[in-house]
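As stored in entry_9.pdb (PDB, N, CA and C atoms):
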```pdb
ATOM      1  N   MET A  88     -62.947  25.902  16.169
ATOM      2  CA  MET A  88     -62.002  26.390  15.199
ATOM      3  C   MET A  88     -60.741  25.523  15.215
ATOM      4  N   LYS A  89     -60.274  25.155  16.396
ATOM      5  CA  LYS A  89     -59.069  24.342  16.526
ATOM      6  C   LYS A  89     -59.214  23.034  15.747
ATOM      7  N   ASP A  90     -60.361  22.365  15.892
ATOM      8  CA  ASP A  90     -60.579  21.092  15.210
ATOM      9  C   ASP A  90     -60.579  21.268  13.692
ATOM     10  N   LYS A  91     -61.175  22.365  13.229
ATOM     11  CA  LYS A  91     -61.216  22.635  11.784
ATOM     12  C   LYS A  91     -59.801  22.841  11.236
ATOM     13  N   ILE A  92     -58.990  23.587  11.953
ATOM     14  CA  ILE A  92     -57.607  23.837  11.518
ATOM     15  C   ILE A  92     -56.817  22.528  11.514
ATOM     16  N   LEU A  93     -56.955  21.722  12.554
ATOM     17  CA  LEU A  93     -56.244  20.453  12.618
ATOM     18  C   LEU A  93     -56.665  19.520  11.484
ATOM     19  N   GLU A  94     -57.942  19.552  11.151
ATOM     20  CA  GLU A  94     -58.449  18.735  10.043
ATOM     21  C   GLU A  94     -57.832  19.195   8.716
ATOM     22  N   GLU A  95     -57.785  20.500   8.515
ATOM     23  CA  GLU A  95     -57.189  21.056   7.293
ATOM     24  C   GLU A  95     -55.695  20.739   7.211
ATOM     25  N   LEU A  96     -54.995  20.825   8.338
ATOM     26  CA  LEU A  96     -53.570  20.505   8.366
ATOM     27  C   LEU A  96     -53.331  19.042   8.001
ATOM     28  N   ALA A  97     -54.177  18.163   8.499
ATOM     29  CA  ALA A  97     -54.034  16.729   8.217
ATOM     30  C   ALA A  97     -54.245  16.430   6.736
ATOM     31  N   LYS A  98     -55.130  17.179   6.072
ATOM     32  CA  LYS A  98     -55.419  16.965   4.652
ATOM     33  C   LYS A  98     -54.372  17.598   3.735
ATOM     34  N   ALA A  99     -53.618  18.525   4.258
ATOM     35  CA  ALA A  99     -52.685  19.297   3.425
ATOM     36  C   ALA A  99     -51.551  18.427   2.900
ATOM     37  N   ASP A 100     -51.120  18.753   1.696
ATOM     38  CA  ASP A 100     -50.028  18.033   1.037
ATOM     39  C   ASP A 100     -48.709  18.781   1.250
ATOM     40  N   VAL A 101     -48.577  19.422   2.395
ATOM     41  CA  VAL A 101     -47.409  20.244   2.694
ATOM     42  C   VAL A 101     -46.694  19.640   3.902
ATOM     43  N   LYS A 102     -45.376  19.698   3.891
ATOM     44  CA  LYS A 102     -44.601  19.114   4.989
ATOM     45  C   LYS A 102     -44.158  20.138   6.032
ATOM     46  N   HIS A 103     -44.088  21.417   5.648
ATOM     47  CA  HIS A 103     -43.591  22.441   6.564
ATOM     48  C   HIS A 103     -44.629  23.544   6.741
ATOM     49  N   PHE A 104     -44.906  23.849   7.995
ATOM     50  CA  PHE A 104     -45.831  24.918   8.332
ATOM     51  C   PHE A 104     -45.133  25.936   9.208
ATOM     52  N   LEU A 105     -45.574  27.179   9.107
ATOM     53  CA  LEU A 105     -45.038  28.275   9.915
ATOM     54  C   LEU A 105     -46.191  29.002  10.574
ATOM     55  N   ILE A 106     -45.906  29.633  11.692
ATOM     56  CA  ILE A 106     -46.889  30.462  12.381
ATOM     57  C   ILE A 106     -46.495  31.919  12.173
ATOM     58  N   LEU A 107     -47.468  32.739  11.827
ATOM     59  CA  LEU A 107     -47.245  34.186  11.748
ATOM     60  C   LEU A 107     -47.715  34.793  13.063
ATOM     61  N   PHE A 108     -46.807  35.510  13.727
ATOM     62  CA  PHE A 108     -47.151  36.248  14.939
ATOM     63  C   PHE A 108     -47.353  37.709  14.580
ATOM     64  N   ARG A 109     -48.164  38.399  15.356
ATOM     65  CA  ARG A 109     -48.384  39.829  15.141
ATOM     66  C   ARG A 109     -47.107  40.610  15.422
ATOM     67  N   ASP A 110     -46.412  40.220  16.494
ATOM     68  CA  ASP A 110     -45.167  40.896  16.873
ATOM     69  C   ASP A 110     -44.390  39.976  17.805
ATOM     70  N   ALA A 111     -43.344  40.479  18.430
ATOM     71  CA  ALA A 111     -42.500  39.661  19.314
ATOM     72  C   ALA A 111     -43.246  39.146  20.544
ATOM     73  N   GLY A 112     -44.454  39.643  20.786
ATOM     74  CA  GLY A 112     -45.281  39.142  21.881
ATOM     75  C   GLY A 112     -45.882  37.782  21.570
ATOM     76  N   CYS A 113     -45.632  37.278  20.368
ATOM     77  CA  CYS A 113     -46.056  35.945  19.929
ATOM     78  C   CYS A 113     -47.572  35.750  19.895
ATOM     79  N   GLN A 114     -48.293  36.787  19.490
ATOM     80  CA  GLN A 114     -49.743  36.680  19.344
ATOM     81  C   GLN A 114     -50.052  36.077  17.973
ATOM     82  N   PHE A 115     -50.675  34.890  17.959
ATOM     83  CA  PHE A 115     -50.975  34.160  16.728
ATOM     84  C   PHE A 115     -51.834  34.976  15.773
ATOM     85  N   ARG A 116     -51.488  34.917  14.489
ATOM     86  CA  ARG A 116     -52.296  35.546  13.452
ATOM     87  C   ARG A 116     -52.671  34.578  12.338
ATOM     88  N   ALA A 117     -51.728  33.689  11.925
ATOM     89  CA  ALA A 117     -52.037  32.798  10.808
ATOM     90  C   ALA A 117     -51.055  31.626  10.732
ATOM     91  N   PHE A 118     -51.497  30.592   9.980
ATOM     92  CA  PHE A 118     -50.628  29.479   9.608
ATOM     93  C   PHE A 118     -50.236  29.663   8.159
ATOM     94  N   TYR A 119     -48.992  29.359   7.854
ATOM     95  CA  TYR A 119     -48.496  29.423   6.479
ATOM     96  C   TYR A 119     -47.843  28.105   6.114
ATOM     97  N   SER A 120     -47.919  27.756   4.831
ATOM     98  CA  SER A 120     -47.156  26.608   4.345
ATOM     99  C   SER A 120     -45.842  27.153   3.805
ATOM    100  N   TYR A 121     -44.789  26.345   3.943
ATOM    101  CA  TYR A 121     -43.472  26.761   3.469
ATOM    102  C   TYR A 121     -42.886  25.665   2.596
ATOM    103  N   SER A 122     -42.502  26.045   1.395
ATOM    104  CA  SER A 122     -41.866  25.123   0.464
ATOM    105  C   SER A 122     -40.398  25.510   0.337
ATOM    106  N   PRO A 123     -39.479  24.722   0.935
ATOM    107  CA  PRO A 123     -38.062  25.091   0.890
ATOM    108  C   PRO A 123     -37.481  25.090  -0.529
ATOM    109  N   GLU A 124     -38.027  24.260  -1.407
ATOM    110  CA  GLU A 124     -37.520  24.189  -2.773
ATOM    111  C   GLU A 124     -37.759  25.497  -3.530
ATOM    112  N   SER A 125     -38.964  26.021  -3.421
ATOM    113  CA  SER A 125     -39.315  27.251  -4.137
ATOM    114  C   SER A 125     -39.214  28.487  -3.248
ATOM    115  N   GLU A 126     -39.031  28.270  -1.940
ATOM    116  CA  GLU A 126     -38.987  29.331  -0.927
ATOM    117  C   GLU A 126     -40.294  30.112  -0.856
ATOM    118  N   GLU A 127     -41.397  29.474  -1.225
ATOM    119  CA  GLU A 127     -42.718  30.115  -1.161
ATOM    120  C   GLU A 127     -43.309  29.963   0.235
ATOM    121  N   ILE A 128     -43.847  31.074   0.740
ATOM    122  CA  ILE A 128     -44.541  31.095   2.027
ATOM    123  C   ILE A 128     -45.952  31.594   1.720
ATOM    124  N   VAL A 129     -46.927  30.679   1.818
ATOM    125  CA  VAL A 129     -48.297  30.980   1.404
ATOM    126  C   VAL A 129     -49.248  30.751   2.572
ATOM    127  N   LYS A 130     -50.173  31.697   2.754
ATOM    128  CA  LYS A 130     -51.131  31.597   3.865
ATOM    129  C   LYS A 130     -52.019  30.377   3.701
ATOM    130  N   PHE A 131     -52.165  29.656   4.792
ATOM    131  CA  PHE A 131     -52.983  28.454   4.852
ATOM    132  C   PHE A 131     -54.294  28.757   5.576
ATOM    133  N   HIS A 132     -54.187  29.523   6.666
ATOM    134  CA  HIS A 132     -55.364  29.869   7.469
ATOM    135  C   HIS A 132     -55.027  31.051   8.366
ATOM    136  N   GLY A 133     -55.965  31.980   8.513
ATOM    137  CA  GLY A 133     -55.787  33.076   9.453
ATOM    138  C   GLY A 133     -55.747  34.442   8.788
ATOM    139  N   VAL A 134     -55.221  35.428   9.534
ATOM    140  CA  VAL A 134     -55.177  36.815   9.095
ATOM    141  C   VAL A 134     -53.735  37.202   8.813
ATOM    142  N   GLY A 135     -53.508  37.699   7.592
ATOM    143  CA  GLY A 135     -52.168  38.123   7.197
ATOM    144  C   GLY A 135     -52.074  38.159   5.685
ATOM    145  N   PRO A 136     -50.934  38.564   5.168
ATOM    146  CA  PRO A 136     -50.751  38.619   3.713
ATOM    147  C   PRO A 136     -50.939  37.234   3.090
ATOM    148  N   ARG A 137     -51.466  37.203   1.870
ATOM    149  CA  ARG A 137     -51.686  35.938   1.177
ATOM    150  C   ARG A 137     -50.374  35.182   0.963
ATOM    151  N   GLN A 138     -49.336  35.940   0.614
ATOM    152  CA  GLN A 138     -48.023  35.352   0.393
ATOM    153  C   GLN A 138     -46.986  36.253   1.056
ATOM    154  N   VAL A 139     -45.929  35.657   1.596
ATOM    155  CA  VAL A 139     -44.886  36.414   2.277
ATOM    156  C   VAL A 139     -43.563  36.198   1.547
ATOM    157  N   THR A 140     -42.853  37.293   1.311
ATOM    158  CA  THR A 140     -41.531  37.216   0.691
ATOM    159  C   THR A 140     -40.468  37.478   1.751
ATOM    160  N   ALA A 141     -39.233  37.156   1.432
ATOM    161  CA  ALA A 141     -38.131  37.315   2.389
ATOM    162  C   ALA A 141     -38.017  38.753   2.898
ATOM    163  N   GLY A 142     -38.266  39.726   2.034
ATOM    164  CA  GLY A 142     -38.155  41.126   2.428
ATOM    165  C   GLY A 142     -39.224  41.598   3.400
ATOM    166  N   MET A 143     -40.295  40.838   3.527
ATOM    167  CA  MET A 143     -41.381  41.196   4.436
ATOM    168  C   MET A 143     -41.119  40.716   5.864
ATOM    169  N   ILE A 144     -40.213  39.764   6.024
ATOM    170  CA  ILE A 144     -39.975  39.129   7.323
ATOM    171  C   ILE A 144     -39.113  40.014   8.220
ATOM    172  N   GLU A 145     -39.593  40.189   9.451
ATOM    173  CA  GLU A 145     -38.853  40.987  10.426
ATOM    174  C   GLU A 145     -38.027  40.099  11.363
ATOM    175  N   LYS A 146     -38.681  39.103  11.983
ATOM    176  CA  LYS A 146     -37.989  38.212  12.926
ATOM    177  C   LYS A 146     -38.390  36.764  12.667
ATOM    178  N   LEU A 147     -37.472  35.859  12.986
ATOM    179  CA  LEU A 147     -37.725  34.424  12.884
ATOM    180  C   LEU A 147     -37.659  33.824  14.286
ATOM    181  N   PHE A 148     -38.470  32.786  14.521
ATOM    182  CA  PHE A 148     -38.554  32.159  15.845
ATOM    183  C   PHE A 148     -38.407  30.649  15.738
ATOM    184  N   LYS A 149     -37.850  30.067  16.775
ATOM    185  CA  LYS A 149     -37.745  28.617  16.927
ATOM    186  C   LYS A 149     -38.478  28.256  18.210
ATOM    187  N   TYR A 150     -39.229  27.149  18.172
ATOM    188  CA  TYR A 150     -39.937  26.712  19.373
ATOM    189  C   TYR A 150     -39.001  25.895  20.257
ATOM    190  N   ASN A 151     -38.932  26.253  21.525
ATOM    191  CA  ASN A 151     -38.131  25.539  22.502
ATOM    192  C   ASN A 151     -39.086  24.617  23.252
ATOM    193  N   SER A 152     -39.095  23.340  22.893
ATOM    194  CA  SER A 152     -40.051  22.415  23.493
ATOM    195  C   SER A 152     -39.762  22.159  24.974
ATOM    196  N   GLY A 153     -38.507  22.255  25.397
ATOM    197  CA  GLY A 153     -38.171  22.089  26.817
ATOM    198  C   GLY A 153     -38.714  23.228  27.651
ATOM    199  N   GLY A 154     -38.533  24.448  27.158
ATOM    200  CA  GLY A 154     -39.014  25.626  27.874
ATOM    201  C   GLY A 154     -40.431  26.007  27.504
ATOM    202  N   LYS A 155     -40.985  25.346  26.488
ATOM    203  CA  LYS A 155     -42.351  25.596  26.000
ATOM    204  C   LYS A 155     -42.577  27.067  25.668
ATOM    205  N   HIS A 156     -41.635  27.631  24.900
ATOM    206  CA  HIS A 156     -41.783  29.012  24.440
ATOM    207  C   HIS A 156     -41.038  29.196  23.116
ATOM    208  N   PHE A 157     -41.320  30.292  22.446
ATOM    209  CA  PHE A 157     -40.651  30.630  21.198
ATOM    210  C   PHE A 157     -39.493  31.571  21.499
ATOM    211  N   SER A 158     -38.371  31.353  20.811
ATOM    212  CA  SER A 158     -37.192  32.209  20.954
ATOM    213  C   SER A 158     -36.828  32.801  19.606
ATOM    214  N   VAL A 159     -36.402  34.060  19.621
ATOM    215  CA  VAL A 159     -35.965  34.719  18.390
ATOM    216  C   VAL A 159     -34.671  34.069  17.914
ATOM    217  N   ILE A 160     -34.592  33.821  16.612
ATOM    218  CA  ILE A 160     -33.382  33.273  15.996
ATOM    219  C   ILE A 160     -32.622  34.448  15.384
ATOM    220  N   PRO A 161     -31.320  34.573  15.650
ATOM    221  CA  PRO A 161     -30.555  35.687  15.072
ATOM    222  C   PRO A 161     -30.197  35.418  13.602
ATOM    223  N   SER A 162     -31.228  35.256  12.785
ATOM    224  CA  SER A 162     -31.034  34.958  11.365
ATOM    225  C   SER A 162     -32.109  35.659  10.561
ATOM    226  N   LYS A 163     -31.829  35.915   9.310
ATOM    227  CA  LYS A 163     -32.827  36.495   8.412
ATOM    228  C   LYS A 163     -33.166  35.533   7.284
ATOM    229  N   THR A 164     -32.616  34.304   7.355
ATOM    230  CA  THR A 164     -32.811  33.324   6.297
ATOM    231  C   THR A 164     -33.840  32.284   6.709
ATOM    232  N   MET A 165     -34.900  32.147   5.912
ATOM    233  CA  MET A 165     -35.940  31.164   6.189
ATOM    234  C   MET A 165     -35.387  29.770   5.905
ATOM    235  N   SER A 166     -35.751  28.815   6.768
ATOM    236  CA  SER A 166     -35.371  27.419   6.561
ATOM    237  C   SER A 166     -36.409  26.528   7.241
ATOM    238  N   VAL A 167     -36.283  25.230   7.042
ATOM    239  CA  VAL A 167     -37.242  24.303   7.648
ATOM    240  C   VAL A 167     -37.088  24.232   9.169
ATOM    241  N   SER A 168     -35.997  24.770   9.710
ATOM    242  CA  SER A 168     -35.815  24.767  11.167
ATOM    243  C   SER A 168     -36.541  25.930  11.845
ATOM    244  N   VAL A 169     -37.099  26.848  11.057
ATOM    245  CA  VAL A 169     -37.859  27.985  11.600
ATOM    246  C   VAL A 169     -39.288  27.526  11.885
ATOM    247  N   ASP A 170     -39.835  27.946  13.022
ATOM    248  CA  ASP A 170     -41.197  27.562  13.399
ATOM    249  C   ASP A 170     -42.207  28.699  13.271
ATOM    250  N   ALA A 171     -41.740  29.933  13.390
ATOM    251  CA  ALA A 171     -42.649  31.080  13.348
ATOM    252  C   ALA A 171     -41.893  32.317  12.881
ATOM    253  N   PHE A 172     -42.663  33.351  12.533
ATOM    254  CA  PHE A 172     -42.053  34.597  12.069
ATOM    255  C   PHE A 172     -42.980  35.772  12.306
ATOM    256  N   THR A 173     -42.407  36.968  12.241
ATOM    257  CA  THR A 173     -43.194  38.200  12.251
ATOM    258  C   THR A 173     -42.868  38.950  10.968
ATOM    259  N   ILE A 174     -43.788  39.817  10.565
ATOM    260  CA  ILE A 174     -43.545  40.673   9.410
ATOM    261  C   ILE A 174     -43.407  42.112   9.904
ATOM    262  N   HIS A 175     -42.835  42.957   9.064
ATOM    263  CA  HIS A 175     -42.642  44.357   9.442
ATOM    264  C   HIS A 175     -43.983  44.999   9.800
ATOM    265  N   ASN A 176     -43.959  45.859  10.803
ATOM    266  CA  ASN A 176     -45.169  46.456  11.350
ATOM    267  C   ASN A 176     -46.010  47.202  10.305
ATOM    268  N   HIS A 177     -45.372  47.905   9.376
ATOM    269  CA  HIS A 177     -46.142  48.677   8.390
ATOM    270  C   HIS A 177     -46.989  47.782   7.482
ATOM    271  N   LEU A 178     -46.666  46.501   7.406
ATOM    272  CA  LEU A 178     -47.440  45.569   6.576
ATOM    273  C   LEU A 178     -48.780  45.203   7.215
ATOM    274  N   TRP A 179     -48.943  45.511   8.497
ATOM    275  CA  TRP A 179     -50.202  45.250   9.193
ATOM    276  C   TRP A 179     -51.207  46.376   9.005
ATOM    277  N   GLN A 180     -50.772  47.492   8.474
ATOM    278  CA  GLN A 180     -51.669  48.636   8.305
ATOM    279  C   GLN A 180     -52.849  48.229   7.422
ATOM    280  N   SER A 181     -54.030  48.542   7.857
ATOM    281  CA  SER A 181     -55.223  48.166   7.095
ATOM    282  C   SER A 181     -55.320  48.986   5.819
ATOM    283  N   LYS A 182     -56.014  48.443   4.848
ATOM    284  CA  LYS A 182     -56.200  49.141   3.573
ATOM    285  C   LYS A 182     -56.987  50.436   3.778
ATOM    286  N   LYS A 183     -57.928  50.430   4.714
ATOM    287  CA  LYS A 183     -58.713  51.632   4.997
ATOM    288  C   LYS A 183     -57.828  52.738   5.560
ATOM    289  N   ALA A 184     -56.941  52.381   6.491
ATOM    290  CA  ALA A 184     -56.038  53.358   7.081
ATOM    291  C   ALA A 184     -55.078  53.898   6.034
ATOM    292  N   ALA A 185     -54.607  53.047   5.140
ATOM    293  CA  ALA A 185     -53.690  53.473   4.088
ATOM    294  C   ALA A 185     -54.394  54.423   3.122
ATOM    295  N   ALA A 186     -55.659  54.187   2.837
ATOM    296  CA  ALA A 186     -56.414  55.038   1.927
ATOM    297  C   ALA A 186     -56.640  56.424   2.537
ATOM    298  N   LYS A 187     -56.816  56.501   3.837
ATOM    299  CA  LYS A 187     -57.037  57.791   4.498
ATOM    300  C   LYS A 187     -55.806  58.688   4.465
ATOM    301  N   LYS A 188     -54.617  58.089   4.425
ATOM    302  CA  LYS A 188     -53.381  58.850   4.429
ATOM    303  C   LYS A 188     -53.161  59.589   3.120
ATOM    304  N   HIS A 189     -53.709  59.093   2.035
ATOM    305  CA  HIS A 189     -53.454  59.668   0.714
ATOM    306  C   HIS A 189     -54.330  60.858   0.411
TER     307      HIS A 189
END
```
Would you give me this structure, written as structure tokens?
Amino acid sequence: MKDKILEELAKADVKHFLILFRDAGCQFRAFYSYSPESEEIVKFHGVGPRQVTAGMIEKLFKYNSGGKHFSVIPSKTMSVSVDAFTIHNHLWQSKKAAAKKH
């Protein structure tokens, strides 16, 4: 799977990628492309919403290459300096679970 993702990333015509984590525990869920001009965040590979809007984002993360870990950024504004993000927990609810509630 890793090789397939790397191959797809190499072919992509996108300059900025983001990682979607499930929560602050930094569990990988998906790769997204980010276009700073249009502010579009679109899923490239993995599990998560097809497109993410600013209102869906809960936390932003920056990768600390010296410490080899992700740190929460005290910001709510997406930019090219962001490396990863989480979305609000209720957005992870499955469609089946949502249908049962009604």
Residues within 8 Å of Asp110 in chain A, please, as a ChimeraX atom specification. Count all atoms listed in the file; anything in the same chain fewer than 4 positions from it doesn't count. /A:114-116,172-174,176
Quick one: residues within 12 Å of range 126-133 of chain A, only C-alpha atoms counted, chain neighbours fewer than 4 positions away excluded, as an MDAnalysis selection string? chainID A and resid 88:89 91:96 98:101 103:109 115:122 137:144 164:167 171:172
May I have the centre and edge lengths, in Å to one decimal, of an axis-aligned box around the listed atoms of range 132-136 of chain A with 3 Å added to every side, as lines of an AutoDock Vina configuration file?
```
center_x = -53.4
center_y = 34.1
center_z = 6.3
size_x = 11.2
size_y = 15.1
size_z = 12.4
```
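Between atom N of Tyr150 in chain A and atom N of Trp179 in chain A the separation is 22.9 Å.
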Running DSSP on the backbone, which parts of chain A land in strand (DSSP E), as a PyMOL selection string? chain A and resi 104-108+115-122+127-133+138-139+144-151+156-160+171-174
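If you look at atom N of Phe148 in chain A and atom C of Ala97 in chain A, they are 24.0 Å away from each other.
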State, in Å with one decimal place, the distance from atom N of Lys163 in chain A to CA of His177 in chain A.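 Those two atoms sit 19.2 Å apart.
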Set the distance at 6.5 Å and use all atoms listed in the file: which residues neighbour Leu147 in chain A once local chain neighbours fewer than 2 positions away are removed? I'd like the list as a PyMOL selection string. chain A and resi 145+149+158-160+162+169-173
For range 155-165 of chain A, where the input has fewer atoms than it should, I would like all heavy atoms rebuilt and written as a PDB file, in the coordinates of the input.
```pdb
ATOM      1  N   LYS A 155     -40.985  25.346  26.488  1.00  0.00           N
ATOM      2  CA  LYS A 155     -42.351  25.596  26.000  1.00  0.00           C
ATOM      3  C   LYS A 155     -42.577  27.067  25.668  1.00  0.00           C
ATOM      4  O   LYS A 155     -43.550  27.678  26.103  1.00  0.00           O
ATOM      5  CB  LYS A 155     -43.394  25.078  26.976  1.00  0.00           C
ATOM      6  CG  LYS A 155     -43.320  23.577  27.135  1.00  0.00           C
ATOM      7  CD  LYS A 155     -44.457  23.036  27.953  1.00  0.00           C
ATOM      8  CE  LYS A 155     -44.326  21.530  28.018  1.00  0.00           C
ATOM      9  NZ  LYS A 155     -45.391  20.896  28.751  1.00  0.00           N
ATOM     10  N   HIS A 156     -41.635  27.631  24.900  1.00  0.00           N
ATOM     11  CA  HIS A 156     -41.783  29.012  24.440  1.00  0.00           C
ATOM     12  C   HIS A 156     -41.038  29.196  23.116  1.00  0.00           C
ATOM     13  O   HIS A 156     -40.242  28.347  22.726  1.00  0.00           O
ATOM     14  CB  HIS A 156     -41.272  29.997  25.493  1.00  0.00           C
ATOM     15  CG  HIS A 156     -39.790  29.935  25.686  1.00  0.00           C
ATOM     16  ND1 HIS A 156     -39.192  29.010  26.511  1.00  0.00           N
ATOM     17  CD2 HIS A 156     -38.784  30.671  25.152  1.00  0.00           C
ATOM     18  CE1 HIS A 156     -37.878  29.184  26.476  1.00  0.00           C
ATOM     19  NE2 HIS A 156     -37.599  30.182  25.666  1.00  0.00           N
ATOM     20  N   PHE A 157     -41.320  30.292  22.446  1.00  0.00           N
ATOM     21  CA  PHE A 157     -40.651  30.630  21.198  1.00  0.00           C
ATOM     22  C   PHE A 157     -39.493  31.571  21.499  1.00  0.00           C
ATOM     23  O   PHE A 157     -39.614  32.477  22.315  1.00  0.00           O
ATOM     24  CB  PHE A 157     -41.617  31.317  20.230  1.00  0.00           C
ATOM     25  CG  PHE A 157     -42.611  30.370  19.617  1.00  0.00           C
ATOM     26  CD1 PHE A 157     -43.822  30.119  20.227  1.00  0.00           C
ATOM     27  CD2 PHE A 157     -42.330  29.733  18.414  1.00  0.00           C
ATOM     28  CE1 PHE A 157     -44.742  29.245  19.663  1.00  0.00           C
ATOM     29  CE2 PHE A 157     -43.239  28.857  17.849  1.00  0.00           C
ATOM     30  CZ  PHE A 157     -44.444  28.613  18.466  1.00  0.00           C
ATOM     31  N   SER A 158     -38.371  31.353  20.811  1.00  0.00           N
ATOM     32  CA  SER A 158     -37.192  32.209  20.954  1.00  0.00           C
ATOM     33  C   SER A 158     -36.828  32.801  19.606  1.00  0.00           C
ATOM     34  O   SER A 158     -36.905  32.111  18.578  1.00  0.00           O
ATOM     35  CB  SER A 158     -36.001  31.399  21.461  1.00  0.00           C
ATOM     36  OG  SER A 158     -36.291  30.807  22.694  1.00  0.00           O
ATOM     37  N   VAL A 159     -36.402  34.060  19.621  1.00  0.00           N
ATOM     38  CA  VAL A 159     -35.965  34.719  18.390  1.00  0.00           C
ATOM     39  C   VAL A 159     -34.671  34.069  17.914  1.00  0.00           C
ATOM     40  O   VAL A 159     -33.773  33.788  18.710  1.00  0.00           O
ATOM     41  CB  VAL A 159     -35.746  36.231  18.613  1.00  0.00           C
ATOM     42  CG1 VAL A 159     -35.166  36.895  17.375  1.00  0.00           C
ATOM     43  CG2 VAL A 159     -37.051  36.899  19.011  1.00  0.00           C
ATOM     44  N   ILE A 160     -34.592  33.821  16.612  1.00  0.00           N
ATOM     45  CA  ILE A 160     -33.382  33.273  15.996  1.00  0.00           C
ATOM     46  C   ILE A 160     -32.622  34.448  15.384  1.00  0.00           C
ATOM     47  O   ILE A 160     -33.206  35.234  14.632  1.00  0.00           O
ATOM     48  CB  ILE A 160     -33.730  32.269  14.877  1.00  0.00           C
ATOM     49  CG1 ILE A 160     -34.598  31.136  15.397  1.00  0.00           C
ATOM     50  CG2 ILE A 160     -32.460  31.724  14.238  1.00  0.00           C
ATOM     51  CD1 ILE A 160     -35.146  30.249  14.300  1.00  0.00           C
ATOM     52  N   PRO A 161     -31.320  34.573  15.650  1.00  0.00           N
ATOM     53  CA  PRO A 161     -30.555  35.687  15.072  1.00  0.00           C
ATOM     54  C   PRO A 161     -30.197  35.418  13.602  1.00  0.00           C
ATOM     55  O   PRO A 161     -29.042  35.320  13.231  1.00  0.00           O
ATOM     56  CB  PRO A 161     -29.313  35.742  15.957  1.00  0.00           C
ATOM     57  CG  PRO A 161     -29.127  34.332  16.409  1.00  0.00           C
ATOM     58  CD  PRO A 161     -30.512  33.759  16.555  1.00  0.00           C
ATOM     59  N   SER A 162     -31.228  35.256  12.785  1.00  0.00           N
ATOM     60  CA  SER A 162     -31.034  34.958  11.365  1.00  0.00           C
ATOM     61  C   SER A 162     -32.109  35.659  10.561  1.00  0.00           C
ATOM     62  O   SER A 162     -33.181  35.962  11.069  1.00  0.00           O
ATOM     63  CB  SER A 162     -31.133  33.444  11.147  1.00  0.00           C
ATOM     64  OG  SER A 162     -31.129  33.141   9.781  1.00  0.00           O
ATOM     65  N   LYS A 163     -31.829  35.915   9.310  1.00  0.00           N
ATOM     66  CA  LYS A 163     -32.827  36.495   8.412  1.00  0.00           C
ATOM     67  C   LYS A 163     -33.166  35.533   7.284  1.00  0.00           C
ATOM     68  O   LYS A 163     -33.901  35.853   6.373  1.00  0.00           O
ATOM     69  CB  LYS A 163     -32.300  37.817   7.812  1.00  0.00           C
ATOM     70  CG  LYS A 163     -32.168  38.936   8.833  1.00  0.00           C
ATOM     71  CD  LYS A 163     -33.513  39.386   9.319  1.00  0.00           C
ATOM     72  CE  LYS A 163     -33.399  40.493  10.344  1.00  0.00           C
ATOM     73  NZ  LYS A 163     -34.643  40.834  10.955  1.00  0.00           N
ATOM     74  N   THR A 164     -32.616  34.304   7.355  1.00  0.00           N
ATOM     75  CA  THR A 164     -32.811  33.324   6.297  1.00  0.00           C
ATOM     76  C   THR A 164     -33.840  32.284   6.709  1.00  0.00           C
ATOM     77  O   THR A 164     -33.674  31.613   7.727  1.00  0.00           O
ATOM     78  CB  THR A 164     -31.475  32.620   5.972  1.00  0.00           C
ATOM     79  OG1 THR A 164     -30.494  33.608   5.718  1.00  0.00           O
ATOM     80  CG2 THR A 164     -31.615  31.718   4.772  1.00  0.00           C
ATOM     81  N   MET A 165     -34.900  32.147   5.912  1.00  0.00           N
ATOM     82  CA  MET A 165     -35.940  31.164   6.189  1.00  0.00           C
ATOM     83  C   MET A 165     -35.387  29.770   5.905  1.00  0.00           C
ATOM     84  O   MET A 165     -34.657  29.568   4.945  1.00  0.00           O
ATOM     85  CB  MET A 165     -37.155  31.440   5.295  1.00  0.00           C
ATOM     86  CG  MET A 165     -38.324  30.528   5.567  1.00  0.00           C
ATOM     87  SD  MET A 165     -38.949  30.583   7.261  1.00  0.00           S
ATOM     88  CE  MET A 165     -39.746  32.168   7.281  1.00  0.00           C
TER      89      MET A 165
END
```
